[in-house]
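Q: Input model_4.txt, format and content: compact mmCIF, C-alpha atoms.
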```txt
# COMPACT_ATOMS: atom_id res chain seq x y z
CA MET A 199 24.32 64.15 8.66
CA MET A 200 27.77 65.36 7.92
CA PHE A 201 29.13 65.91 4.46
CA THR A 202 31.59 63.04 4.85
CA ASP A 203 28.68 60.74 5.67
CA VAL A 204 27.00 61.67 2.41
CA VAL A 205 30.22 61.01 0.52
CA PHE A 206 30.60 57.68 2.30
CA TYR A 207 27.11 56.48 1.42
CA VAL A 208 27.48 57.53 -2.21
CA LEU A 209 30.83 55.77 -2.48
CA ALA A 210 29.53 52.68 -0.69
CA ALA A 211 26.52 52.49 -3.00
CA ILE A 212 28.74 52.72 -6.08
CA LEU A 213 31.11 50.14 -4.58
CA LEU A 214 28.33 47.63 -3.91
CA LEU A 215 26.71 48.13 -7.30
CA SER A 216 29.98 47.77 -9.20
CA GLY A 217 30.90 44.74 -7.09
CA LEU A 218 27.58 43.19 -8.04
CA ARG A 219 28.17 43.97 -11.70
CA VAL A 220 31.58 42.28 -11.55
CA ILE A 221 29.91 38.94 -10.94
CA THR A 222 26.77 39.43 -13.04
CA THR A 223 28.05 41.03 -16.22
CA ARG A 224 28.43 38.65 -19.17
CA ASN A 225 31.59 40.05 -20.68
CA PRO A 226 34.76 39.39 -18.65
CA VAL A 227 36.35 42.62 -19.93
CA HIS A 228 33.40 44.60 -18.56
CA ALA A 229 33.75 42.70 -15.28
CA ALA A 230 37.39 43.77 -15.04
CA LEU A 231 36.42 47.40 -15.71
CA PHE A 232 33.74 47.27 -13.02
CA LEU A 233 36.40 45.92 -10.67
CA VAL A 234 38.46 49.03 -11.47
CA LEU A 235 35.48 51.18 -10.49
CA ALA A 236 35.11 49.18 -7.27
CA PHE A 237 38.79 49.79 -6.47
CA PHE A 238 38.40 53.51 -7.08
CA THR A 239 35.46 53.82 -4.72
CA ALA A 240 37.16 51.64 -2.11
CA ALA A 241 40.13 54.02 -2.28
CA GLY A 242 37.70 56.88 -1.66
CA ILE A 243 36.30 55.12 1.42
CA TRP A 244 39.81 54.54 2.74
CA LEU A 245 40.53 58.22 2.31
CA LEU A 246 37.46 58.94 4.43
CA LEU A 247 39.02 56.74 7.11
CA GLN A 248 42.19 58.85 6.83
CA ALA A 249 44.19 55.91 5.51
CA GLU A 250 45.98 57.93 2.86
CA PHE A 251 48.71 55.47 2.03
CA LEU A 252 46.32 52.58 1.52
CA ALA A 253 44.17 54.68 -0.78
CA ILE A 254 47.14 55.81 -2.84
CA ALA A 255 48.58 52.30 -2.99
CA LEU A 256 45.22 50.93 -4.08
CA ILE A 257 44.98 53.35 -6.98
CA LEU A 258 48.66 53.21 -7.88
CA VAL A 259 49.16 49.46 -7.72
CA TYR A 260 45.74 47.90 -8.21
CA VAL A 261 44.08 50.29 -10.61
CA GLY A 262 47.29 51.24 -12.36
CA ALA A 263 48.98 47.92 -12.74
CA VAL A 264 47.09 44.87 -11.54
CA MET A 265 43.94 45.64 -13.48
CA VAL A 266 45.97 46.25 -16.64
CA LEU A 267 47.38 42.79 -16.16
CA PHE A 268 43.88 41.39 -15.57
CA LEU A 269 42.68 42.95 -18.80
CA PHE A 270 45.63 41.56 -20.77
CA VAL A 271 45.10 38.11 -19.31
CA VAL A 272 41.37 38.23 -20.04
CA MET A 273 42.05 39.29 -23.62
CA MET A 274 44.84 36.75 -24.00
CA LEU A 275 42.71 33.82 -22.89
CA ASP A 276 40.22 34.22 -25.73
CA ILE A 277 37.26 33.40 -23.50
CA ASN A 278 34.16 32.00 -25.07
CA ILE A 279 31.37 33.54 -23.02
CA ASP A 280 28.69 31.00 -23.88
CA LYS A 281 30.91 28.07 -22.92
CA LEU A 282 31.79 29.77 -19.66
CA ARG A 283 28.15 29.80 -18.64
CA GLU A 284 27.51 26.13 -19.36
CA GLY A 285 27.99 24.53 -15.95
CA PHE A 286 26.25 27.21 -13.91
CA TRP A 287 23.59 25.03 -12.32
CA GLU A 288 25.93 22.08 -11.84
CA TYR A 289 28.40 24.12 -9.82
CA LEU A 290 25.76 26.13 -7.97
CA PRO A 291 25.45 23.88 -4.86
CA MET A 292 29.21 23.72 -4.30
CA ALA A 293 29.81 27.43 -4.99
CA GLY A 294 26.74 28.36 -2.95
CA THR A 295 28.03 26.42 0.05
CA ILE A 296 31.43 28.12 -0.14
CA GLY A 297 29.80 31.52 -0.54
CA LEU A 298 27.54 30.88 2.44
CA LEU A 299 30.54 29.85 4.55
CA MET A 300 32.34 33.07 3.64
CA ILE A 301 29.28 35.15 4.51
CA VAL A 302 29.06 33.43 7.92
CA GLU A 303 32.76 34.03 8.54
CA MET A 304 32.48 37.70 7.60
CA GLY A 305 29.40 38.02 9.78
CA MET A 306 31.28 36.57 12.74
CA VAL A 307 34.18 38.95 12.23
CA LEU A 308 31.86 41.94 11.96
CA ALA A 309 29.75 40.83 14.94
CA GLU A 310 32.89 40.55 17.05
CA LYS A 311 33.73 44.16 16.22
CA ASN A 312 30.25 45.57 16.64
CA LEU A 313 29.24 43.77 19.83
CA ARG A 314 32.25 45.14 21.65
CA PRO A 315 32.91 48.49 20.03
CA SER A 316 36.38 49.80 20.71
CA GLN A 317 36.89 53.38 21.73
CA ALA A 318 37.47 55.61 18.74
CA VAL A 319 41.04 56.82 18.86
CA THR A 320 41.38 60.57 18.51
CA LEU A 321 44.35 61.28 16.33
CA PRO A 322 46.58 64.34 16.70
CA PRO A 323 45.87 66.94 14.04
CA ASN A 324 49.13 66.42 12.16
CA TYR A 325 48.90 62.64 12.21
CA SER A 326 50.08 61.06 8.98
CA ASN A 327 49.42 57.43 8.28
CA THR A 328 52.16 57.27 5.69
CA ALA A 329 54.77 58.69 8.03
CA GLU A 330 53.89 56.22 10.79
CA LEU A 331 54.20 53.37 8.33
CA GLY A 332 57.53 54.65 7.06
CA LYS A 333 58.96 55.03 10.55
CA VAL A 334 58.56 51.34 11.35
CA LEU A 335 58.99 49.89 7.86
CA TYR A 336 62.57 51.07 7.35
CA THR A 337 63.78 50.51 10.91
CA ASP A 338 61.94 47.77 12.83
CA TYR A 339 60.85 45.78 9.78
CA LEU A 340 64.07 46.17 7.85
CA LEU A 341 64.56 42.49 7.03
CA PRO A 342 61.03 41.88 5.66
CA PHE A 343 61.46 45.06 3.64
CA GLU A 344 64.70 43.85 2.06
CA LEU A 345 63.19 40.41 1.53
CA ALA A 346 60.37 42.11 -0.38
CA SER A 347 62.94 43.33 -2.89
CA VAL A 348 64.20 39.76 -3.34
CA VAL A 349 60.62 38.57 -3.88
CA LEU A 350 60.16 41.25 -6.52
CA LEU A 351 63.44 40.21 -8.15
CA VAL A 352 62.36 36.56 -8.25
CA ALA A 353 59.01 37.56 -9.77
CA MET A 354 60.79 39.64 -12.41
CA ILE A 355 63.17 36.87 -13.43
CA ALA A 356 60.41 34.26 -13.38
CA ALA A 357 58.18 36.36 -15.64
CA ILE A 358 61.02 36.90 -18.11
CA VAL A 359 62.11 33.27 -18.15
CA LEU A 360 58.55 31.98 -18.55
CA THR A 361 57.27 34.30 -21.25
CA LEU A 362 60.26 35.58 -23.18
CA ARG A 363 61.09 33.55 -26.21
CA ASP A 364 62.58 34.30 -29.57
CA ARG A 365 60.05 34.59 -32.30
CA LYS A 366 60.80 32.61 -35.39
CA ASP A 367 58.88 34.89 -37.72
CA SER A 368 60.62 38.02 -36.57
CA LYS A 369 62.60 39.81 -39.27
CA SER A 370 64.22 42.38 -37.06
CA MET A 371 67.95 42.99 -37.42
CA ASN A 372 70.53 43.84 -34.84
CA PRO A 373 72.83 46.48 -36.40
CA ALA A 374 75.67 45.64 -34.02
CA ASP A 375 75.68 42.03 -35.20
CA GLN A 376 75.58 43.17 -38.81
CA VAL A 377 78.60 45.45 -38.37
CA LYS A 378 80.61 42.80 -36.56
CA VAL A 379 80.33 40.28 -39.40
CA LYS A 380 83.70 39.08 -40.74
CA ARG A 381 84.34 37.93 -44.27
CA ASN A 382 84.77 34.36 -43.12
CA ASP A 383 81.28 34.29 -41.60
CA ARG A 384 79.64 34.87 -44.93
CA LEU A 385 82.04 33.50 -47.55
CA ARG A 386 83.77 30.15 -47.68
CA ILE A 387 86.56 29.54 -50.16
CA ILE A 388 87.05 25.91 -51.02
CA SER A 389 89.97 24.61 -52.97
CA MET A 390 88.86 22.01 -55.47
CA PRO A 391 90.39 20.58 -58.66
CA ALA A 392 89.53 22.40 -61.83
CA GLU A 393 86.88 20.77 -63.90
CA VAL A 394 88.20 19.54 -67.22
CA GLU A 395 85.80 19.47 -70.08
CA PRO A 396 85.49 16.05 -71.69
CA GLU A 397 87.39 15.98 -75.01
CA HIS A 398 84.83 14.31 -77.14
CA VAL A 399 81.28 15.22 -76.76
CA ALA A 400 79.01 12.91 -78.56
CA PRO A 401 77.28 14.93 -81.25
CA GLU A 402 73.62 15.04 -80.74
CA GLU A 403 71.36 13.19 -83.10
CA GLU A 404 74.04 12.50 -85.71
CA LYS A 405 72.40 10.04 -88.00
CA MET B 261 43.24 66.21 6.69
CA LEU B 262 40.19 65.43 4.60
CA GLU B 263 39.82 69.06 3.56
CA ASN B 264 42.97 68.62 1.48
CA TYR B 265 41.16 66.07 -0.63
CA PHE B 266 38.09 68.17 -1.31
CA PRO B 267 39.54 69.56 -4.58
CA ILE B 268 40.01 65.97 -5.78
CA LEU B 269 36.36 65.21 -5.03
CA MET B 270 35.36 68.33 -6.95
CA PHE B 271 37.65 67.26 -9.77
CA ILE B 272 36.00 63.84 -9.95
CA LEU B 273 32.51 65.36 -9.92
CA VAL B 274 33.34 67.91 -12.63
CA GLY B 275 35.03 65.18 -14.67
CA LEU B 276 31.94 63.00 -14.40
CA GLY B 277 29.77 65.95 -15.40
CA VAL B 278 31.89 66.76 -18.43
CA GLY B 279 31.90 63.12 -19.47
CA LEU B 280 28.23 62.36 -18.88
CA GLY B 281 26.75 65.74 -19.86
CA PRO B 282 27.18 65.44 -23.64
CA LEU B 283 25.99 61.83 -23.61
CA VAL B 284 22.84 62.68 -21.69
CA LEU B 285 22.21 65.77 -23.80
CA GLY B 286 22.63 63.73 -26.97
CA LYS B 287 20.21 61.13 -25.66
CA ILE B 288 17.59 63.74 -24.79
CA VAL B 289 17.89 66.23 -27.62
CA SER B 290 18.68 64.11 -30.67
CA PRO B 291 15.87 62.54 -32.71
CA HIS B 292 15.57 58.79 -32.31
CA ARG B 293 13.88 56.99 -35.22
CA PRO B 294 15.48 53.55 -35.64
CA ASP B 295 14.63 51.10 -38.36
CA ALA B 296 15.95 47.69 -39.34
CA GLU B 297 18.52 49.04 -41.80
CA LYS B 298 19.90 51.59 -39.38
CA ASN B 299 20.26 48.98 -36.66
CA SER B 300 22.12 46.49 -38.85
CA PRO B 301 25.87 46.43 -38.24
CA TYR B 302 26.70 47.41 -41.83
CA GLU B 303 24.55 49.18 -44.31
CA CYS B 304 26.44 47.49 -47.11
CA GLY B 305 29.08 44.78 -47.48
CA PHE B 306 29.45 41.54 -45.59
CA GLU B 307 28.56 40.56 -42.12
CA ALA B 308 31.71 39.88 -40.10
CA PHE B 309 33.14 36.42 -40.78
CA GLU B 310 34.60 35.83 -37.34
CA ASP B 311 34.97 37.40 -33.93
CA ALA B 312 36.93 40.64 -33.96
CA ARG B 313 38.46 39.87 -30.56
CA MET B 314 41.68 38.08 -31.22
CA LYS B 315 44.19 36.73 -28.74
CA PHE B 316 46.76 39.12 -27.39
CA ASP B 317 50.46 38.54 -27.71
CA VAL B 318 51.98 37.18 -24.52
CA ARG B 319 54.54 39.96 -24.60
CA TYR B 320 51.89 42.46 -23.46
CA TYR B 321 51.66 40.34 -20.33
CA LEU B 322 55.42 40.49 -19.84
CA VAL B 323 55.49 44.26 -20.17
CA ALA B 324 52.53 44.58 -17.79
CA ILE B 325 54.08 42.38 -15.11
CA LEU B 326 57.40 44.21 -15.31
CA PHE B 327 55.44 47.43 -14.93
CA ILE B 328 53.66 46.09 -11.82
CA LEU B 329 56.96 45.19 -10.19
CA PHE B 330 58.39 48.67 -10.61
CA ASP B 331 55.05 50.13 -9.59
CA LEU B 332 55.33 48.24 -6.30
CA GLU B 333 58.81 49.62 -5.92
CA ILE B 334 57.30 53.11 -6.13
CA ALA B 335 54.73 52.15 -3.49
CA PHE B 336 57.68 51.39 -1.19
CA LEU B 337 59.35 54.69 -2.08
CA PHE B 338 56.34 56.76 -0.99
CA PRO B 339 56.52 56.32 2.81
CA TRP B 340 60.32 56.37 2.60
CA ALA B 341 60.28 59.79 0.98
CA VAL B 342 57.88 61.08 3.65
CA VAL B 343 60.04 60.05 6.61
CA ILE B 344 63.55 60.30 5.14
CA GLN B 345 64.36 63.14 7.57
CA GLU B 346 63.51 61.05 10.60
CA ILE B 347 64.92 57.62 9.83
CA GLY B 348 68.38 58.95 9.07
CA ALA B 349 71.25 57.30 7.25
CA ALA B 350 70.24 53.75 8.16
CA GLY B 351 66.87 54.19 6.50
CA PHE B 352 68.50 55.78 3.48
CA TRP B 353 70.89 52.88 2.98
CA ALA B 354 68.09 50.37 3.59
CA MET B 355 66.34 51.80 0.55
CA MET B 356 69.58 51.82 -1.43
CA VAL B 357 69.99 48.07 -0.82
CA PHE B 358 66.36 47.57 -1.86
CA LEU B 359 66.91 49.55 -5.03
CA PHE B 360 70.18 47.74 -5.75
CA VAL B 361 68.46 44.34 -5.71
CA LEU B 362 65.82 45.63 -8.11
CA VAL B 363 68.45 47.21 -10.35
CA VAL B 364 70.02 43.75 -10.64
CA GLY B 365 66.68 42.56 -11.98
CA PHE B 366 66.44 45.57 -14.26
CA ILE B 367 69.89 44.86 -15.75
CA PHE B 368 68.87 41.22 -16.20
CA GLU B 369 65.74 42.10 -18.12
CA TRP B 370 67.61 44.66 -20.22
CA MET B 371 70.36 42.21 -21.11
CA LYS B 372 67.83 39.47 -21.87
CA GLY B 373 66.08 41.80 -24.28
CA ALA B 374 62.76 41.67 -22.44
CA LEU B 375 62.27 45.36 -23.16
CA GLU B 376 62.82 44.92 -26.90
CA TRP B 377 59.79 44.84 -29.13
CA ASP B 378 60.63 43.58 -32.60
```
Do you think you could lay out the structure here as structure tokens?

A:
Amino acid sequence: MMFTDVVFYVLAAILLLSGLRVITTRNPVHAALFLVLAFFTAAGIWLLLQAEFLAIALILVYVGAVMVLFLFVVMMLDINIDKLREGFWEYLPMAGTIGLLMIVEMGMVLAEKNLRPSQAVTLPPNYSNTAELGKVLYTDYLLPFELASVVLLVAMIAAIVLTLRDRKDSKSMNPADQVKVKRNDRLRIISMPAEVEPEHVAPEEEK
Amino acid sequence: MLENYFPILMFILVGLGVGLGPLVLGKIVSPHRPDAEKNSPYECGFEAFEDARMKFDVRYYLVAILFILFDLEIAFLFPWAVVIQEIGAAGFWAMMVFLFVLVVGFIFEWMKGALEWD
């Protein structure tokens, strides 16, 4: 057994265990952290397959950003764990059917691959996955690449429009606004007739 | 190619060892004599009135999603930087257009004050 095989089996074992913990652990925050561990080990397995870019993207994007978002969302939702568990047996038949279907589908995909094994491609020694990707991404797939930037822009604007709102209880000041204030913004001079005191004030309690 | 990543594997293993070693040592070496008082959350004072886990402000979400978007931008920059010599000027300007569109979004979020935290 080669060294890489040992590494693969260790990583695969950790991946399966952490994947199992994602769905069995009670606390959603722990589940998210186990998902991070699963992503890490999956990145390691991809590295073993020489898919450098995928591994780096997985760690950079999924572990670095997506899981942070997951954690924020989980913490924002204020999940009551006991309530979440209530309908377990009610939903089991439906969820079990869907899970079974997915297992069958995955089995068919894997069987297709394994019954007719393709010849392993021997790669040249200086082969770089990332470079191959880059060569086609910025030339042949130029339009999808530029469209990706528009999708990112739309996502950015949508996130800002949906979640950004002025807080009423905020006491922060904008110094520029404070400096720009004119006298007329703060002070209003009204011309009004002078008040004349009544000539005769009835003396109080004169009896 | 994989040999280049061997130091990273070593790094992970050593990091795990440094992290787990003290915990395991503490578990083995330290005396363990629990009683009811020691196991109670507080030795004195009140029990907690309510759950300590409060809801997060939605603005954390906004910051996180803006971070993801620019993180994805970096994921696109990686292969570009690797092959910049081979794809020539066309590839260079393709990335400049890509970056320009995202800079428009960046200016928008700056002007909107989405990066402010007051």

Q: When distances are computed from all atoms listed in the file, which of A:Val302, A:Leu209, A:Leu258, A:Leu290 shows the smallest separation from chain B?

A: A:Leu258

Q: Using only C-alpha atoms, can you tell me which of A:Leu246, A:Leu215, A:Val379, A:Leu231 comes closest to chain B?

A: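 Between A:Leu246, A:Leu215, A:Val379, A:Leu231, the residue approaching chain B most closely is A:Leu246.
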
Q: Tell me, as a PyMOL selection string, which residues lie within 12 Å of range 273-287 of chain B, counting all atoms listed in the file; anything in the same chain fewer than 6 positions away does not count.

A: (chain A and resi 205) or (chain B and resi 266-267)

Q: Using C-alpha atoms, can you write the selected residues to a file as a PDB file, keeping the file's coordinate frame?

A:
```pdb
ATOM      1  CA  VAL A 205      30.220  61.010   0.520  1.00  0.00           C
TER       2      VAL A 205
ATOM      3  CA  PHE B 266      38.090  68.170  -1.310  1.00  0.00           C
ATOM      4  CA  PRO B 267      39.540  69.560  -4.580  1.00  0.00           C
TER       5      PRO B 267
END
```

Q: Residues of chain B within 6 Å of chain A, counting all atoms listed in the file, what are they? List them as a PyMOL selection string.

A: chain B and resi 315-316+324+328+339-340+342-343+351+358+362+365+378

Q: Work out how far apart CA of Gly217 in chain A and CA of Ala309 in chain A are and give it in Å to one decimal.

A: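 Calculated distance between CA of Gly217 in chain A and CA of Ala309 in chain A is 22.4 Å.
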
Q: Box for range 374-377 of chain A - axis-aligned, 6 Å on each of the six sides, all listed atoms - centre and size in Å to one decimal, as JSON.

A:
```
{"center_x": 77.1, "center_y": 43.8, "center_z": -36.4, "size_x": 15.0, "size_y": 15.6, "size_z": 16.8}
```

Q: Given the choices A:Leu385, A:Leu308, A:Ala249, A:Ile257, which gets closest to Met261 in chain B if the distance is worked out from all atoms listed in the file?

A: A:Ala249

Q: Just how far from CA of Ile243 in chain A is CA of Leu213 in chain A, in Å to one decimal?

A: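 Spanning CA of Leu213 in chain A to CA of Ile243 in chain A is a straight-line distance of 9.4 Å.
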
Q: One decimal, Å: what's the distance from CA of Glu369 in chain B over to CA of Phe352 in chain B, could you say?

A: 25.7 Å

Q: Using all atoms listed in the file, which of B:Ile347, B:Ala374, B:Leu359, B:Ile272 sits nearest Leu326 in chain B?

A: B:Ala374

Q: Smallest atom-to-atom distance to Met356 in chain B: which of B:Leu375, B:Met270, B:Ile288, B:Leu337, using all atoms listed in the file?

A: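 Result for the nearest residue to Met356 in chain B: B:Leu337.
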
Q: With all atoms listed in the file as the atoms that count, which of B:Glu376, B:Arg293, B:Val364, B:Met355 lies nearest to Arg319 in chain B?

A: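 Closest residue, counting all atoms listed in the file: B:Glu376.
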